[in-house]
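Student: Pasting upload_1.pdb below, which is PDB, C-alpha atoms.
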MODEL        1
ATOM      1  CA  THR Z   1     -19.577  54.020 -13.039  1.00  0.00           C
ATOM      2  CA  LEU Z   2     -23.324  54.381 -13.158  1.00  0.00           C
ATOM      3  CA  ASP Z   3     -23.517  51.719 -15.843  1.00  0.00           C
ATOM      4  CA  LEU Z   4     -21.614  49.233 -13.678  1.00  0.00           C
ATOM      5  CA  THR Z   5     -23.934  49.595 -10.715  1.00  0.00           C
ATOM      6  CA  CYS Z   6     -27.068  49.644 -12.830  1.00  0.00           C
ATOM      7  CA  ARG Z   7     -28.934  46.377 -12.934  1.00  0.00           C
ATOM      8  CA  LYS Z   8     -31.369  45.277 -15.564  1.00  0.00           C
ATOM      9  CA  ALA Z   9     -34.969  45.098 -14.589  1.00  0.00           C
ATOM     10  CA  PRO Z  10     -36.344  41.544 -14.322  1.00  0.00           C
ATOM     11  CA  CYS Z  11     -38.715  42.036 -17.224  1.00  0.00           C
ATOM     12  CA  PHE Z  12     -35.856  42.995 -19.569  1.00  0.00           C
ATOM     13  CA  VAL Z  13     -33.824  39.997 -18.433  1.00  0.00           C
ATOM     14  CA  LYS Z  14     -36.727  37.732 -19.339  1.00  0.00           C
ATOM     15  CA  PHE Z  15     -37.086  39.541 -22.638  1.00  0.00           C
ATOM     16  CA  SER Z  16     -33.401  39.053 -23.504  1.00  0.00           C
ATOM     17  CA  GLU Z  17     -33.649  35.329 -22.617  1.00  0.00           C
ATOM     18  CA  MET Z  18     -36.676  34.981 -24.865  1.00  0.00           C
ATOM     19  CA  GLU Z  19     -34.818  36.806 -27.640  1.00  0.00           C
ATOM     20  CA  LYS Z  20     -31.845  34.444 -27.313  1.00  0.00           C
ATOM     21  CA  MET Z  21     -34.137  31.420 -27.460  1.00  0.00           C
ATOM     22  CA  ALA Z  22     -35.841  32.840 -30.553  1.00  0.00           C
ATOM     23  CA  ASN Z  23     -32.453  33.358 -32.224  1.00  0.00           C
ATOM     24  CA  ILE Z  24     -31.448  29.787 -31.393  1.00  0.00           C
ATOM     25  CA  ARG Z  25     -34.721  28.491 -32.810  1.00  0.00           C
ATOM     26  CA  ALA Z  26     -34.226  30.536 -35.965  1.00  0.00           C
ATOM     27  CA  GLU Z  27     -30.733  29.104 -36.404  1.00  0.00           C
ATOM     28  CA  ILE Z  28     -32.058  25.582 -35.923  1.00  0.00           C
ATOM     29  CA  ASN Z  29     -34.845  26.175 -38.411  1.00  0.00           C
ATOM     30  CA  GLU Z  30     -32.386  27.584 -40.949  1.00  0.00           C
ATOM     31  CA  VAL Z  31     -30.117  24.571 -40.744  1.00  0.00           C
ATOM     32  CA  GLN Z  32     -32.789  21.940 -40.973  1.00  0.00           C
ATOM     33  CA  PRO Z  33     -36.513  22.401 -40.683  1.00  0.00           C
ATOM     34  CA  LEU Z  34     -37.711  20.249 -37.820  1.00  0.00           C
ATOM     35  CA  PRO Z  35     -41.136  19.495 -36.510  1.00  0.00           C
ATOM     36  CA  LEU Z  36     -42.344  21.579 -33.561  1.00  0.00           C
ATOM     37  CA  SER Z  37     -42.054  18.709 -31.074  1.00  0.00           C
ATOM     38  CA  VAL Z  38     -38.374  18.210 -31.942  1.00  0.00           C
ATOM     39  CA  THR Z  39     -37.697  21.961 -31.496  1.00  0.00           C
ATOM     40  CA  ILE Z  40     -39.300  21.967 -28.040  1.00  0.00           C
ATOM     41  CA  VAL Z  41     -37.355  18.866 -27.085  1.00  0.00           C
ATOM     42  CA  SER Z  42     -34.111  20.432 -28.296  1.00  0.00           C
ATOM     43  CA  THR Z  43     -34.650  23.594 -26.208  1.00  0.00           C
ATOM     44  CA  SER Z  44     -35.423  21.491 -23.146  1.00  0.00           C
ATOM     45  CA  GLN Z  45     -32.280  19.480 -23.906  1.00  0.00           C
ATOM     46  CA  PHE Z  46     -30.292  22.729 -23.866  1.00  0.00           C
ATOM     47  CA  TYR Z  47     -31.665  23.421 -20.400  1.00  0.00           C
ATOM     48  CA  PHE Z  48     -30.791  19.948 -19.112  1.00  0.00           C
ATOM     49  CA  ILE Z  49     -27.366  20.053 -20.766  1.00  0.00           C
ATOM     50  CA  GLY Z  50     -26.707  23.314 -18.912  1.00  0.00           C
ATOM     51  CA  LYS Z  51     -27.721  21.698 -15.633  1.00  0.00           C
ATOM     52  CA  LYS Z  52     -25.504  18.688 -16.351  1.00  0.00           C
ATOM     53  CA  CYS Z  53     -22.634  21.033 -17.163  1.00  0.00           C
ATOM     54  CA  GLU Z  54     -23.067  22.795 -13.799  1.00  0.00           C
ATOM     55  CA  ILE Z  55     -23.127  19.452 -11.980  1.00  0.00           C
ATOM     56  CA  LEU Z  56     -19.986  18.306 -13.809  1.00  0.00           C
ATOM     57  CA  GLN Z  57     -18.222  21.578 -12.979  1.00  0.00           C
ATOM     58  CA  ASP Z  58     -19.104  21.137  -9.286  1.00  0.00           C
ATOM     59  CA  MET Z  59     -17.803  17.567  -9.395  1.00  0.00           C
ATOM     60  CA  ASN Z  60     -14.646  18.763 -11.141  1.00  0.00           C
ATOM     61  CA  ARG Z  61     -14.037  21.372  -8.410  1.00  0.00           C
ATOM     62  CA  HIS Z  62     -14.545  18.709  -5.753  1.00  0.00           C
ATOM     63  CA  LEU Z  63     -12.105  16.309  -7.442  1.00  0.00           C
ATOM     64  CA  GLU Z  64      -9.514  19.069  -7.806  1.00  0.00           C
ATOM     65  CA  ALA Z  65      -9.819  19.777  -4.062  1.00  0.00           C
ATOM     66  CA  VAL Z  66      -9.368  16.069  -3.323  1.00  0.00           C
ATOM     67  CA  LEU Z  67      -6.248  15.958  -5.538  1.00  0.00           C
ATOM     68  CA  LYS Z  68      -4.786  19.018  -3.803  1.00  0.00           C
ATOM     69  CA  GLU Z  69      -5.432  17.402  -0.422  1.00  0.00           C
ATOM     70  CA  LYS Z  70      -3.849  14.152  -1.633  1.00  0.00           C
ATOM     71  CA  ARG Z  71      -0.753  16.032  -2.814  1.00  0.00           C
ATOM     72  CA  ALA Z  72      -0.510  17.828   0.530  1.00  0.00           C
ATOM     73  CA  LEU Z  73      -0.776  14.508   2.370  1.00  0.00           C
ATOM     74  CA  ARG Z  74       1.949  12.974   0.201  1.00  0.00           C
ATOM     75  CA  LYS Z  75       4.237  15.924   0.915  1.00  0.00           C
ATOM     76  CA  ARG Z  76       3.610  15.529   4.642  1.00  0.00           C
ATOM     77  CA  LEU Z  77       4.320  11.797   4.476  1.00  0.00           C
ATOM     78  CA  ILE Z  78       7.533  12.278   2.513  1.00  0.00           C
ATOM     79  CA  LYS Z  79       8.794  14.925   4.941  1.00  0.00           C
ATOM     80  CA  PRO Z  80      10.789  13.262   7.735  1.00  0.00           C
ATOM     81  CA  ARG Z  81       9.098  13.668  11.092  1.00  0.00           C
ATOM     82  CA  CYS Z  82      12.322  13.034  13.024  1.00  0.00           C
ATOM     83  CA  GLN Z  83      13.369  16.644  12.671  1.00  0.00           C
ATOM     84  CA  GLU Z  84      10.356  17.845  14.588  1.00  0.00           C
ATOM     85  CA  SER Z  85      10.082  17.697  18.338  1.00  0.00           C
ATOM     86  CA  LEU Z  86       7.547  15.346  19.809  1.00  0.00           C
ATOM     87  CA  PRO Z  87       5.077  16.897  22.261  1.00  0.00           C
ATOM     88  CA  ILE Z  88       5.714  14.518  25.169  1.00  0.00           C
ATOM     89  CA  GLU Z  89       5.425  15.514  28.789  1.00  0.00           C
ATOM     90  CA  ALA Z  90       8.658  15.491  30.756  1.00  0.00           C
ATOM     91  CA  THR Z  91       7.410  12.743  33.069  1.00  0.00           C
ATOM     92  CA  PHE Z  92       7.257  10.345  30.125  1.00  0.00           C
ATOM     93  CA  HIS Z  93      10.733  11.098  28.658  1.00  0.00           C
ATOM     94  CA  LYS Z  94      12.291   8.147  30.514  1.00  0.00           C
ATOM     95  CA  TYR Z  95       9.742   5.772  29.042  1.00  0.00           C
ATOM     96  CA  VAL Z  96      10.277   7.180  25.545  1.00  0.00           C
ATOM     97  CA  VAL Z  97      14.033   6.586  25.861  1.00  0.00           C
ATOM     98  CA  ASP Z  98      13.386   3.002  27.016  1.00  0.00           C
ATOM     99  CA  LEU Z  99      10.958   2.504  24.158  1.00  0.00           C
ATOM    100  CA  LEU Z 100      13.468   3.808  21.620  1.00  0.00           C
ATOM    101  CA  THR Z 101      16.219   1.497  22.881  1.00  0.00           C
ATOM    102  CA  GLU Z 102      13.837  -1.446  22.656  1.00  0.00           C
ATOM    103  CA  ALA Z 103      12.829  -0.369  19.148  1.00  0.00           C
ATOM    104  CA  VAL Z 104      16.487  -0.260  18.094  1.00  0.00           C
ATOM    105  CA  THR Z 105      17.068  -3.716  19.603  1.00  0.00           C
ATOM    106  CA  PHE Z 106      13.997  -5.067  17.830  1.00  0.00           C
ATOM    107  CA  ILE Z 107      15.146  -3.651  14.508  1.00  0.00           C
ATOM    108  CA  GLU Z 108      18.583  -5.198  14.998  1.00  0.00           C
ATOM    109  CA  LYS Z 109      17.040  -8.628  15.678  1.00  0.00           C
ATOM    110  CA  LEU Z 110      14.373  -8.278  13.014  1.00  0.00           C
ATOM    111  CA  GLU Z 111      16.477  -9.868  10.248  1.00  0.00           C
ATOM    112  CA  SER Z 112      17.196 -12.973  12.315  1.00  0.00           C
ATOM    113  CA  HIS Z 113      13.523 -13.255  13.251  1.00  0.00           C
ATOM    114  CA  LEU Z 114      12.511 -12.933   9.607  1.00  0.00           C
ATOM    115  CA  GLN Z 115      15.060 -15.586   8.644  1.00  0.00           C
ATOM    116  CA  THR Z 116      13.550 -17.877  11.275  1.00  0.00           C
ATOM    117  CA  LEU Z 117      10.076 -17.274   9.897  1.00  0.00           C
ATOM    118  CA  ARG Z 118      11.259 -17.993   6.368  1.00  0.00           C
ATOM    119  CA  SER Z 119      12.764 -21.299   7.475  1.00  0.00           C
ATOM    120  CA  ILE Z 120       9.538 -22.597   9.069  1.00  0.00           C
ATOM    121  CA  PRO Z 121       8.230 -24.181   5.831  1.00  0.00           C
ATOM    122  CA  GLN Z 122      11.565 -26.023   5.446  1.00  0.00           C
ATOM    123  CA  ILE Z 123      11.402 -27.666   8.900  1.00  0.00           C
ATOM    124  CA  PRO Z 124       9.988 -31.021   7.670  1.00  0.00           C
ATOM    125  CA  ASN Z 125      12.858 -31.393   5.165  1.00  0.00           C
ATOM    126  CA  ILE Z 126      15.395 -30.409   7.810  1.00  0.00           C
ATOM    127  CA  MET Z 127      13.921 -33.003  10.200  1.00  0.00           C
ATOM    128  CA  LYS Z 128      14.181 -35.717   7.523  1.00  0.00           C
ATOM    129  CA  ASN Z 129      17.809 -34.763   6.876  1.00  0.00           C
ATOM    130  CA  MET Z 130      18.544 -34.840  10.612  1.00  0.00           C
ATOM    131  CA  ASP Z 131      16.920 -38.296  10.940  1.00  0.00           C
ATOM    132  CA  THR Z 132      19.028 -39.557   8.026  1.00  0.00           C
ATOM    133  CA  ALA Z 133      22.185 -38.076   9.555  1.00  0.00           C
ATOM    134  CA  LEU Z 134      21.326 -39.617  12.949  1.00  0.00           C
ATOM    135  CA  THR Z 135      20.827 -43.039  11.364  1.00  0.00           C
ATOM    136  CA  LYS Z 136      24.148 -42.772   9.529  1.00  0.00           C
ATOM    137  CA  THR Z 137      25.872 -41.685  12.750  1.00  0.00           C
ATOM    138  CA  GLU Z 138      24.421 -44.671  14.616  1.00  0.00           C
ATOM    139  CA  VAL Z 139      25.606 -47.032  11.858  1.00  0.00           C
ATOM    140  CA  LEU Z 140      29.082 -45.492  11.973  1.00  0.00           C
ATOM    141  CA  ALA Z 141      29.127 -45.779  15.775  1.00  0.00           C
ATOM    142  CA  MET Z 142      28.266 -49.498  15.569  1.00  0.00           C
ATOM    143  CA  GLU Z 143      30.969 -50.027  12.921  1.00  0.00           C
ATOM    144  CA  LEU Z 144      33.430 -48.155  15.139  1.00  0.00           C
ATOM    145  CA  GLU Z 145      32.560 -50.401  18.105  1.00  0.00           C
ATOM    146  CA  GLU Z 146      33.089 -53.495  15.951  1.00  0.00           C
ATOM    147  CA  LEU Z 147      36.385 -52.130  14.705  1.00  0.00           C
ATOM    148  CA  ALA Z 148      37.481 -51.350  18.281  1.00  0.00           C
ATOM    149  CA  GLU Z 149      36.655 -54.933  19.297  1.00  0.00           C
ATOM    150  CA  GLN Z 150      38.635 -56.286  16.338  1.00  0.00           C
ATOM    151  CA  ILE Z 151      41.619 -54.096  17.262  1.00  0.00           C
ATOM    152  CA  LEU Z 152      41.492 -55.337  20.865  1.00  0.00           C
ATOM    153  CA  LYS Z 153      41.364 -58.967  19.661  1.00  0.00           C
ATOM    154  CA  TRP Z 154      44.262 -58.370  17.284  1.00  0.00           C
ATOM    155  CA  ARG Z 155      46.275 -56.756  20.104  1.00  0.00           C
ATOM    156  CA  GLU Z 156      45.704 -59.775  22.343  1.00  0.00           C
ATOM    157  CA  LEU Z 157      46.766 -62.060  19.530  1.00  0.00           C
ATOM    158  CA  GLN Z 158      49.908 -59.998  19.003  1.00  0.00           C
ATOM    159  CA  LYS Z 159      50.724 -60.175  22.722  1.00  0.00           C
ATOM    160  CA  GLU Z 160      50.317 -63.954  22.680  1.00  0.00           C
ATOM    161  CA  VAL Z 161      52.471 -64.295  19.573  1.00  0.00           C
ATOM    162  CA  TYR Z 162      55.317 -62.202  21.027  1.00  0.00           C
ATOM    163  CA  SER Z 163      55.087 -63.709  24.475  1.00  0.00           C
ATOM    164  CA  ASP Z 164      55.631 -67.251  23.129  1.00  0.00           C
TER     165      ASP Z 164
ENDMDL
END
Go ahead and render the structure in this file as structure tokens.
Tutor:
Amino acid sequence: TLDLTCRKAPCFVKFSEMEKMANIRAEINEVQPLPLSVTIVSTSQFYFIGKKCEILQDMNRHLEAVLKEKRALRKRLIKPRCQESLPIEATFHKYVVDLLTEAVTFIEKLESHLQTLRSIPQIPNIMKNMDTALTKTEVLAMELEELAEQILKWRELQKEVYSD
């Protein structure tokens, strides 16, 4: 238990970091001998890569939190709210009932209203068809009047023929 609570002195921590860096440099030199400037650049790159890794880990944690929140919101949206009681004061219950009946009426009439809206672009064609039908009806009415006159004339002729 003493070993667990014991902390390294700051000078030894620095020494171990320096030893690790020396080992890394030795490994790099063994693989491929590089000029001194490249070695210094590579160690500084290790430092910046570590910083970038920390930043990416922080961003990853943030994105995971956002995804968890998004999932929780989806679950809340999927869950039907009708099963829960609404916190409405008793004085407003009458108005809520009226509002609900009006909402039901609106929903019942919604399809007919949507059908009306869909037919708006067709109104010019419907008007043309109605004008054509009106013209045909007027022509038929005139023909009917002429036919009625002819029948009346024929009837008078028949009366004259039988009366003689």
Student: Under the rule of at most 12 Å, produce a per-residue listing of range 46-97 of chain Z near range 102-115 of chain Z: chain, number, name, the closest pair of atoms, and the distance in Å, as a Markdown table, using only C-alpha atoms.
Tutor:
| residue | atom | partner | partner_atom | distance |
| --- | --- | --- | --- | --- |
| Z:Tyr95 | CA | Z:Glu102 | CA | 10.5 |
| Z:Val96 | CA | Z:Glu102 | CA | 9.8 |
| Z:Val97 | CA | Z:Glu102 | CA | 8.7 |
Student: Enter the distance from CA of Ile123 in chain Z to CA of Ala141 in chain Z, in Å, rounded to one decimal.
Tutor: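 So the answer is 26.3 Å.
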Student: Could you tell me how far CA of Leu67 in chain Z lies from CA of Lys52 in chain Z, in Å and to one decimal?
Tutor: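 Atom-to-atom, CA of Leu67 in chain Z and CA of Lys52 in chain Z are spaced 22.3 Å apart.
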Student: Just give me the gap between CA of Met18 in chain Z and CA of Phe48 in chain Z in Å, one decimal is fine.
Tutor: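 Taking CA of Met18 in chain Z as the start and CA of Phe48 in chain Z as the end point, the length is 17.1 Å.
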